[in-house]
>>> print(open('structure.cif').read())   # mmCIF, C-alpha atoms and all ligand atoms
data_input
#
loop_
_atom_site.label_atom_id
_atom_site.label_comp_id
_atom_site.auth_asym_id
_atom_site.auth_seq_id
_atom_site.Cartn_x
_atom_site.Cartn_y
_atom_site.Cartn_z
CA MET A 1 65.05 177.24 0.99
CA HIS A 2 63.25 174.19 -0.35
CA SER A 3 60.22 173.85 1.85
CA VAL A 4 58.09 171.39 -0.07
CA THR A 5 57.81 169.01 2.86
CA ASN A 6 56.82 170.00 6.36
CA GLY A 7 58.90 169.95 9.49
CA ALA A 8 59.09 166.86 11.66
CA GLU A 9 56.78 165.79 14.44
CA ILE A 10 58.40 165.60 17.87
CA GLU A 11 56.94 163.31 20.47
CA LEU A 12 58.05 163.23 24.08
CA ALA A 13 56.82 160.18 25.99
CA ARG A 14 56.99 160.24 29.80
CA LEU A 15 60.31 162.05 29.62
CA THR A 16 62.13 162.33 32.93
CA LYS A 17 65.51 163.78 33.89
CA HIS A 18 66.99 163.41 37.34
CA TYR A 19 70.16 165.06 38.60
CA PRO A 20 71.81 163.93 41.84
CA LYS A 21 70.20 166.79 43.76
CA SER A 22 67.13 167.62 41.70
CA VAL A 23 64.41 166.43 39.38
CA ALA A 24 64.79 168.68 36.32
CA LEU A 25 61.99 167.04 34.35
CA ASP A 26 59.23 164.87 35.71
CA ASP A 27 57.17 162.61 33.43
CA VAL A 28 56.60 165.00 30.52
CA SER A 29 54.52 163.81 27.56
CA LEU A 30 53.74 166.05 24.65
CA THR A 31 53.56 166.15 20.86
CA VAL A 32 54.80 169.02 18.70
CA LYS A 33 53.03 168.93 15.33
CA PRO A 34 54.90 169.05 12.01
CA GLY A 35 55.54 172.66 10.99
CA GLU A 36 54.24 174.05 14.26
CA PHE A 37 55.73 177.04 16.11
CA MET A 38 55.75 175.64 19.64
CA THR A 39 56.95 177.75 22.55
CA PHE A 40 58.13 176.38 25.90
CA LEU A 41 57.18 178.95 28.51
CA GLY A 42 57.73 178.85 32.25
CA PRO A 43 59.61 180.38 35.18
CA SER A 44 63.34 180.00 35.68
CA GLY A 45 64.33 176.43 36.54
CA SER A 46 61.05 174.90 35.32
CA GLY A 47 62.72 172.49 32.86
CA LYS A 48 62.53 174.27 29.49
CA THR A 49 66.21 174.04 28.57
CA THR A 50 66.42 170.50 29.95
CA THR A 51 63.62 169.45 27.60
CA LEU A 52 65.33 171.07 24.63
CA ASN A 53 68.64 169.41 25.57
CA LEU A 54 66.93 166.01 25.73
CA ILE A 55 65.32 166.56 22.31
CA ALA A 56 68.68 167.61 20.87
CA GLY A 57 70.55 164.76 22.52
CA PHE A 58 72.94 166.95 24.51
CA THR A 59 71.77 165.35 27.77
CA ASP A 60 71.12 161.69 28.70
CA ILE A 61 67.54 160.69 29.41
CA THR A 62 66.80 159.22 32.87
CA SER A 63 63.59 157.56 31.62
CA GLY A 64 61.07 158.01 28.82
CA ASN A 65 61.60 158.48 25.09
CA VAL A 66 62.01 161.05 22.32
CA PHE A 67 60.58 160.33 18.86
CA ILE A 68 61.28 162.41 15.75
CA ASP A 69 58.78 161.68 12.98
CA GLY A 70 57.95 158.43 14.74
CA ASP A 71 61.57 157.27 14.99
CA LEU A 72 62.97 156.58 18.44
CA VAL A 73 66.11 158.76 18.67
CA ASP A 74 67.20 158.12 22.28
CA ASP A 75 70.48 156.59 21.08
CA VAL A 76 70.96 158.76 17.99
CA PRO A 77 73.82 161.28 18.36
CA VAL A 78 73.11 165.03 18.14
CA HIS A 79 74.52 165.54 14.64
CA LYS A 80 72.38 162.73 13.21
CA ARG A 81 69.07 164.08 14.49
CA ASP A 82 68.72 166.67 11.70
CA LEU A 83 68.10 169.58 14.05
CA GLY A 84 69.00 173.24 13.64
CA ILE A 85 70.12 174.69 16.96
CA VAL A 86 70.14 178.31 18.12
CA PHE A 87 71.20 178.36 21.76
CA GLN A 88 72.76 181.25 23.63
CA HIS A 89 75.85 179.20 24.46
CA TYR A 90 76.10 177.90 20.90
CA ALA A 91 78.17 180.91 19.90
CA LEU A 92 79.52 181.91 16.49
CA PHE A 93 83.13 181.10 15.59
CA PRO A 94 84.92 184.42 16.19
CA HIS A 95 87.75 183.70 13.72
CA LEU A 96 85.38 182.89 10.83
CA SER A 97 83.56 185.37 8.60
CA VAL A 98 79.77 185.43 8.49
CA PHE A 99 79.91 183.43 5.25
CA ASP A 100 82.17 180.76 6.76
CA ASN A 101 80.15 180.56 9.97
CA VAL A 102 77.01 179.82 7.98
CA ALA A 103 78.86 177.51 5.57
CA PHE A 104 80.23 175.40 8.42
CA PRO A 105 77.34 172.91 8.81
CA LEU A 106 77.31 172.36 5.02
CA GLN A 107 81.07 171.75 4.86
CA GLN A 108 80.69 169.18 7.64
CA ARG A 109 78.08 167.50 5.48
CA LYS A 110 80.45 167.50 2.49
CA VAL A 111 78.21 169.64 0.29
CA SER A 112 79.86 170.80 -2.98
CA LYS A 113 81.52 174.23 -3.05
CA HIS A 114 79.06 175.64 -5.57
CA GLU A 115 76.05 174.46 -3.61
CA VAL A 116 77.54 175.80 -0.36
CA ARG A 117 77.73 179.27 -1.89
CA THR A 118 74.14 179.17 -3.19
CA ARG A 119 72.71 177.92 0.07
CA VAL A 120 74.71 180.23 2.34
CA LEU A 121 73.61 183.28 0.35
CA GLU A 122 70.00 182.08 0.36
CA SER A 123 70.08 181.46 4.11
CA LEU A 124 71.65 184.87 4.82
CA LYS A 125 68.92 186.46 2.73
CA THR A 126 66.23 184.66 4.74
CA ALA A 127 67.83 185.93 7.94
CA GLY A 128 67.97 189.50 6.58
CA LEU A 129 71.76 189.60 6.29
CA GLU A 130 72.44 190.16 2.59
CA GLY A 131 75.78 191.92 2.09
CA TYR A 132 77.26 190.90 5.47
CA GLU A 133 79.14 187.83 4.15
CA SER A 134 82.67 189.07 4.76
CA ARG A 135 82.15 190.62 8.20
CA PHE A 136 83.43 188.96 11.34
CA PRO A 137 81.21 188.35 14.39
CA LYS A 138 82.87 191.12 16.41
CA GLU A 139 81.93 193.59 13.65
CA LEU A 140 78.22 192.83 14.15
CA SER A 141 75.60 194.00 16.65
CA GLY A 142 74.02 191.50 19.04
CA GLY A 143 70.92 191.27 16.87
CA GLN A 144 72.97 190.69 13.72
CA GLN A 145 74.95 187.96 15.48
CA GLN A 146 71.72 186.22 16.41
CA ARG A 147 70.64 186.41 12.77
CA VAL A 148 73.89 184.73 11.73
CA ALA A 149 73.19 181.99 14.27
CA LEU A 150 69.71 181.63 12.76
CA ALA A 151 71.10 181.52 9.20
CA ARG A 152 73.62 178.87 10.30
CA ALA A 153 70.85 176.76 11.84
CA LEU A 154 68.64 177.07 8.75
CA VAL A 155 71.30 176.53 6.08
CA PHE A 156 71.06 172.73 5.92
CA ASP A 157 67.25 172.89 5.95
CA PRO A 158 66.76 170.83 9.12
CA ARG A 159 63.35 169.34 9.87
CA VAL A 160 63.28 171.00 13.28
CA LEU A 161 64.72 174.20 14.71
CA LEU A 162 65.44 174.39 18.45
CA LEU A 163 65.80 177.92 19.80
CA ASP A 164 66.66 178.54 23.47
CA GLU A 165 66.04 182.18 24.42
CA PRO A 166 67.78 183.40 21.25
CA LEU A 167 66.55 186.95 21.80
CA GLY A 168 67.10 187.07 25.55
CA ALA A 169 70.19 189.27 25.48
CA LEU A 170 68.73 191.90 23.15
CA ASP A 171 67.02 195.16 24.07
CA LYS A 172 63.24 195.36 23.85
CA LYS A 173 62.97 197.12 20.49
CA LEU A 174 65.40 194.84 18.69
CA ARG A 175 63.80 191.82 20.32
CA GLU A 176 60.37 192.80 19.01
CA GLN A 177 61.77 193.34 15.52
CA LEU A 178 63.46 189.94 15.52
CA GLN A 179 60.29 188.30 16.85
CA LEU A 180 58.45 189.43 13.74
CA GLU A 181 61.30 188.19 11.55
CA LEU A 182 61.30 184.82 13.28
CA ARG A 183 57.62 184.48 12.51
CA ARG A 184 58.22 185.36 8.89
CA VAL A 185 61.12 182.88 8.64
CA HIS A 186 58.98 180.19 10.23
CA ARG A 187 56.25 180.70 7.64
CA GLU A 188 58.79 180.84 4.83
CA VAL A 189 60.67 177.63 5.67
CA GLY A 190 57.66 175.66 6.98
CA ARG A 191 59.76 173.74 9.51
CA THR A 192 58.92 172.78 13.09
CA PHE A 193 60.18 175.43 15.54
CA ILE A 194 60.55 174.83 19.27
CA PHE A 195 61.28 178.11 20.96
CA VAL A 196 62.11 178.62 24.63
CA THR A 197 61.36 181.82 26.50
CA HIS A 198 60.29 182.98 29.93
CA ASP A 199 58.80 186.12 28.38
CA GLN A 200 55.05 185.70 28.27
CA GLU A 201 54.45 188.43 25.69
CA GLU A 202 57.05 186.91 23.38
CA ALA A 203 55.32 183.53 23.65
CA LEU A 204 51.91 185.00 22.87
CA THR A 205 53.26 186.94 19.86
CA LEU A 206 55.09 184.06 18.21
CA SER A 207 53.46 180.75 18.87
CA ASP A 208 50.91 178.46 17.31
CA ARG A 209 50.82 176.68 20.66
CA ILE A 210 52.51 177.14 24.02
CA THR A 211 53.62 174.54 26.55
CA VAL A 212 53.57 175.95 30.08
CA PHE A 213 56.23 174.39 32.32
CA ASN A 214 56.32 174.55 36.10
CA GLN A 215 58.74 172.69 38.39
CA GLY A 216 59.73 170.13 35.77
CA ARG A 217 56.16 169.36 34.74
CA VAL A 218 53.83 170.44 31.96
CA GLU A 219 50.88 172.41 33.32
CA GLN A 220 49.09 172.85 29.98
CA VAL A 221 49.59 172.84 26.20
CA GLY A 222 47.41 175.13 24.10
CA SER A 223 47.08 178.19 21.91
CA ALA A 224 47.47 181.60 23.52
CA THR A 225 43.68 182.00 23.54
CA GLU A 226 43.09 178.58 25.09
CA LEU A 227 45.58 179.27 27.88
CA TYR A 228 44.00 182.64 28.59
CA GLU A 229 40.35 181.62 28.26
CA LYS A 230 40.52 178.07 29.61
CA PRO A 231 43.49 177.73 31.96
CA ALA A 232 43.75 174.15 33.20
CA THR A 233 45.38 175.05 36.50
CA ARG A 234 45.66 177.97 38.88
CA PHE A 235 49.33 178.25 37.96
CA VAL A 236 48.48 178.81 34.26
CA ALA A 237 45.68 181.25 35.12
CA GLU A 238 48.07 183.34 37.19
CA PHE A 239 51.10 182.96 34.92
CA ILE A 240 49.36 183.98 31.66
CA GLY A 241 47.93 187.50 31.66
CA GLU A 242 46.61 189.42 34.64
CA SER A 243 43.97 188.23 37.06
CA THR A 244 42.40 188.76 40.46
CA ALA A 245 42.33 185.73 42.75
CA ILE A 246 39.34 185.50 45.09
CA VAL A 247 40.00 182.88 47.75
CA ASP A 248 37.01 181.21 49.38
CA GLU A 249 38.38 179.23 52.33
CA SER A 250 34.95 177.91 53.34
CA ARG A 251 34.55 176.18 49.96
CA ASN A 252 38.26 175.49 49.57
CA ARG A 253 38.14 177.18 46.16
CA VAL A 254 39.85 180.07 44.39
CA THR A 255 38.26 182.04 41.55
CA ILE A 256 40.45 183.82 39.01
CA ILE A 257 38.91 186.87 37.34
CA ARG A 258 40.41 188.50 34.24
CA PRO A 259 40.68 192.32 34.46
CA GLU A 260 38.25 192.91 31.57
CA ARG A 261 35.68 190.61 33.18
CA ALA A 262 35.85 192.16 36.61
CA VAL A 263 33.28 194.90 37.26
CA LEU A 264 33.57 197.66 39.84
CA VAL A 265 30.39 199.17 41.27
CA ALA A 266 29.82 201.75 43.98
CA SER A 267 27.96 199.58 46.50
CA GLU A 268 26.33 196.20 47.15
CA SER A 269 22.99 197.55 45.92
CA ASP A 270 24.51 197.95 42.42
CA VAL A 271 25.45 194.26 42.17
CA ALA A 272 23.23 192.31 39.75
CA PRO A 273 20.92 189.90 41.64
CA GLY A 274 22.50 186.54 42.37
CA LYS A 275 26.00 187.58 41.28
CA PRO A 276 28.98 187.15 43.58
CA SER A 277 30.72 190.22 44.97
CA VAL A 278 33.42 191.32 47.34
CA GLY A 279 34.19 194.65 48.97
CA VAL A 280 37.50 196.26 47.88
CA ILE A 281 39.56 199.42 48.32
CA VAL A 282 40.51 201.12 45.06
CA ARG A 283 44.21 201.79 45.44
CA GLN A 284 44.96 203.46 42.11
CA ALA A 285 43.24 204.48 38.87
CA ILE A 286 45.59 204.39 35.86
CA TYR A 287 44.71 205.95 32.51
CA LEU A 288 45.86 203.65 29.68
CA GLY A 289 44.74 205.66 26.67
CA ALA A 290 42.53 202.84 25.42
CA GLY A 291 40.76 202.64 28.79
CA TRP A 292 41.35 202.56 32.53
CA LYS A 293 42.98 200.16 34.90
CA TYR A 294 42.04 200.07 38.58
CA GLU A 295 44.26 198.45 41.16
CA VAL A 296 42.25 197.21 44.10
CA ILE A 297 42.95 195.63 47.47
CA LEU A 298 40.84 192.62 48.48
CA PRO A 299 39.64 191.93 52.06
CA ASP A 300 42.49 189.43 52.55
CA GLY A 301 45.01 192.15 51.64
CA THR A 302 45.97 190.77 48.23
CA ALA A 303 45.89 192.91 45.09
CA GLY A 304 43.46 192.72 42.19
CA VAL A 305 43.06 194.48 38.87
CA VAL A 306 40.04 195.72 36.91
CA ARG A 307 39.97 197.17 33.40
CA THR A 308 37.21 199.36 32.00
CA ASP A 309 36.68 201.14 28.67
CA GLN A 310 35.71 204.37 30.38
CA SER A 311 36.55 205.91 33.72
CA LEU A 312 34.10 205.24 36.55
CA PRO A 313 32.41 208.62 37.16
CA TRP A 314 31.26 207.76 40.71
CA LEU A 315 34.81 207.07 41.79
CA VAL A 316 36.10 210.49 42.80
CA GLY A 317 39.22 209.68 44.76
CA GLU A 318 41.76 206.96 45.49
CA ASN A 319 41.63 204.67 48.53
CA GLU A 320 37.85 204.69 48.19
CA ARG A 321 35.59 201.74 48.97
CA ALA A 322 33.96 199.92 46.06
CA VAL A 323 32.48 196.51 45.26
CA LEU A 324 33.97 194.03 42.82
CA THR A 325 31.53 191.73 41.03
CA TRP A 326 31.76 189.21 38.18
CA GLU A 327 29.91 186.58 36.20
CA PRO A 328 30.90 183.23 37.70
CA GLU A 329 30.62 181.36 34.40
CA LYS A 330 33.32 183.62 32.93
CA ALA A 331 35.78 183.14 35.78
CA PRO A 332 37.63 179.83 36.19
CA GLU A 333 37.64 178.20 39.62
CA PHE A 334 40.27 175.90 41.10
CA ALA A 335 40.73 173.89 44.27
CA LEU A 336 42.89 175.62 46.85
N1 LIG B 401 73.58 170.06 34.70
C1 LIG B 401 72.76 170.15 35.73
N2 LIG B 401 73.05 169.62 36.92
C2 LIG B 401 72.20 169.69 37.98
N3 LIG B 401 71.00 170.30 37.93
C3 LIG B 401 70.64 170.85 36.75
C4 LIG B 401 71.49 170.82 35.61
N4 LIG B 401 70.84 171.46 34.58
C5 LIG B 401 69.67 171.86 35.09
N5 LIG B 401 69.52 171.52 36.37
C6 LIG B 401 68.37 171.78 37.25
O1 LIG B 401 67.20 171.37 36.58
C7 LIG B 401 66.14 172.29 36.73
C8 LIG B 401 65.63 172.75 35.39
O2 LIG B 401 66.63 173.52 34.74
P1 LIG B 401 66.44 174.14 33.28
O3 LIG B 401 67.76 174.64 32.84
O4 LIG B 401 65.77 173.15 32.42
O5 LIG B 401 65.45 175.36 33.58
P2 LIG B 401 64.86 176.46 32.57
O6 LIG B 401 63.38 176.30 32.59
O7 LIG B 401 65.55 176.40 31.26
O8 LIG B 401 65.22 177.82 33.35
P3 LIG B 401 65.76 179.25 32.80
O9 LIG B 401 64.52 180.02 32.39
O10 LIG B 401 66.39 179.84 34.02
O11 LIG B 401 66.72 179.01 31.68
C9 LIG B 401 66.69 173.41 37.60
O12 LIG B 401 66.28 173.19 38.93
C10 LIG B 401 68.19 173.27 37.46
O13 LIG B 401 68.84 173.72 38.61
MG MG B 402 66.84 177.72 30.24
#
>>> encode(input="structure.cif", output="structure tokens", more="lines below")
Ligand SMILES: Nc1ncnc2c1ncn2[C@@H]1O[C@H](COP(=O)(O)OP(=O)(O)OP(=O)(O)O)[C@@H](O)[C@H]1O
Ligand SMILES: [Mg+2]
Amino acid sequence: MHSVTNGAEIELARLTKHYPKSVALDDVSLTVKPGEFMTFLGPSGSGKTTTLNLIAGFTDITSGNVFIDGDLVDDVPVHKRDLGIVFQHYALFPHLSVFDNVAFPLQQRKVSKHEVRTRVLESLKTAGLEGYESRFPKELSGGQQQRVALARALVFDPRVLLLDEPLGALDKKLREQLQLELRRVHREVGRTFIFVTHDQEEALTLSDRITVFNQGRVEQVGSATELYEKPATRFVAEFIGESTAIVDESRNRVTIIRPERAVLVASESDVAPGKPSVGVIVRQAIYLGAGWKYEVILPDGTAGVVRTDQSLPWLVGENERAVLTWEPEKAPEFAL
């Protein structure tokens, strides 16, 4: 693959999509940098696929704009946007061999026969499919089929690759293997990747940056570390990683404590002076190999979680009383 230039920049400006009965996307602005691996993450129905469809041009925009490398593409048809697409519903052609499936986009572009052969073989190699040229889709595993779809999307060296849950149907082990390969391919081809998933771990593994969607809006855009360390909203704090939420009705605030920053002590007298604390019941102690995880119940009945490197020697049984304390400057606070 000739990856001298970078991938394209994608800019979404106040993008909105209404359906008769719902608002699928509500005023979304964001920029995906050239060559970036951007992941759209969010719960089901939060607008991830809608955004990808608007970028691709499969769906009409209600208002707002899409720019690719600074060019307004709102009226540019799908096939002229120079995008590689790997969607679940964008299936392989069952009656074509692997070779012909991957060759298809090149033949549509009237590339010479010799060049088609060179590029198909190169693309199959990138996707880890050397030697599979003459197989048919039904003779391949799910993971191999997804690799063919990836090879087909890469073969014309598009500036941007759009991937909508391409690994969603695969079992955990295969999914993890293909995640690593996707990362390698991304580095190798140097193009912009926009990848949709609702699997948080997958997003953290793959991405340069993550856009967190919720109810058709963008909650935050940032690296995995930024989202974890500096969540912009309560939704992000609770959606990314584990946390304990301490609600303070009198101040109308909620504090979100990460498990490794929460400290369990035996009683109030063990709390460092001036630090906040709350009485809890330790529901369960779970040995994790690399440490311990304690599930606790807060006074309002909600659950919390604490991680420690070593077991707490003073905690002899389960359903015991303990005190949870934390350093306020290391725990983000949000309005209720
Ligand atoms: N063609 C359509 N007609 C009407 N409503 C739609 C249509 N497509 C999507 N929606 C609605 O728009 C919202 C966003 O849907 P979208 O497919 O973007 O979610 P998603 O984040 O991709 O979810 P999932 O993780 O389940 O794939 C949902 O409420 C959905 O019901
Ligand atoms: Mg979707």
>>> residues_around(input="structure.cif", residues="Asp164 (chain A)", least_positions_apart="6", cutoff="7 Å", atoms="only C-alpha atoms", output="VMD selection string")
chain A and resid 49 86 to 88 195 to 197
>>> residues_near_ligand(input="structure.cif", ligand="ligand LIG 401 (chain B)", cutoff="6 Å", atoms="only C-alpha atoms and all ligand atoms", output="PyMOL selection string")
chain A and resi 19+24+43-50+198
>>> residues_near_point(input="structure.cif", point="(69.6, 166.2, 12.9)", cutoff="9 Å", atoms="all atoms listed in the file", output="list in words")
Ala56, Pro77, Val78, His79, Lys80, Arg81, Asp82, Leu83, Gly84, Pro158, Arg159 and Val160 of chain A
>>> closest_residue(input="structure.cif", among="A:Phe40, A:Phe239, A:Tyr132, A:Phe67", to="Glu11 (chain A)", atoms="all atoms listed in the file")
A:Phe67
>>> atom_distance(input="structure.cif", atom1="CA of Arg14 (chain A)", atom2="CA of Phe58 (chain A)")
18.1 Å
>>> decode(input="structure.cif", residues="region 130-143 of chain A", atoms="N, CA and C atoms", output="compact mmCIF listing (two decimals), in the first residue's frame")
# COMPACT_ATOMS: atom_id res chain seq x y z
N GLU A 130 -3.06 -14.14 2.81
CA GLU A 130 -2.30 -14.70 1.68
C GLU A 130 -2.70 -16.15 1.46
N GLY A 131 -2.92 -16.53 0.20
CA GLY A 131 -3.24 -17.92 -0.11
C GLY A 131 -4.73 -18.24 -0.10
N TYR A 132 -5.57 -17.25 0.22
CA TYR A 132 -7.02 -17.50 0.29
C TYR A 132 -7.76 -17.01 -0.96
N GLU A 133 -6.99 -16.58 -1.99
CA GLU A 133 -7.59 -15.91 -3.15
C GLU A 133 -8.76 -16.65 -3.78
N SER A 134 -8.65 -17.98 -3.89
CA SER A 134 -9.66 -18.69 -4.68
C SER A 134 -10.80 -19.26 -3.82
N ARG A 135 -10.76 -19.02 -2.52
CA ARG A 135 -11.88 -19.48 -1.68
C ARG A 135 -13.12 -18.63 -1.92
N PHE A 136 -14.26 -19.17 -1.54
CA PHE A 136 -15.51 -18.42 -1.57
C PHE A 136 -15.90 -18.06 -0.14
N PRO A 137 -16.67 -16.98 0.04
CA PRO A 137 -16.99 -16.53 1.40
C PRO A 137 -17.51 -17.65 2.31
N LYS A 138 -18.35 -18.54 1.75
CA LYS A 138 -18.91 -19.57 2.64
C LYS A 138 -17.86 -20.59 3.10
N GLU A 139 -16.69 -20.58 2.46
CA GLU A 139 -15.60 -21.47 2.88
C GLU A 139 -14.66 -20.81 3.89
N LEU A 140 -15.09 -19.65 4.42
CA LEU A 140 -14.25 -18.91 5.37
C LEU A 140 -14.93 -18.79 6.72
N SER A 141 -14.14 -18.67 7.79
CA SER A 141 -14.69 -18.40 9.12
C SER A 141 -15.16 -16.95 9.18
N GLY A 142 -15.90 -16.63 10.23
CA GLY A 142 -16.39 -15.26 10.41
C GLY A 142 -15.25 -14.24 10.42
N GLY A 143 -14.18 -14.59 11.12
CA GLY A 143 -13.03 -13.69 11.23
C GLY A 143 -12.36 -13.49 9.88
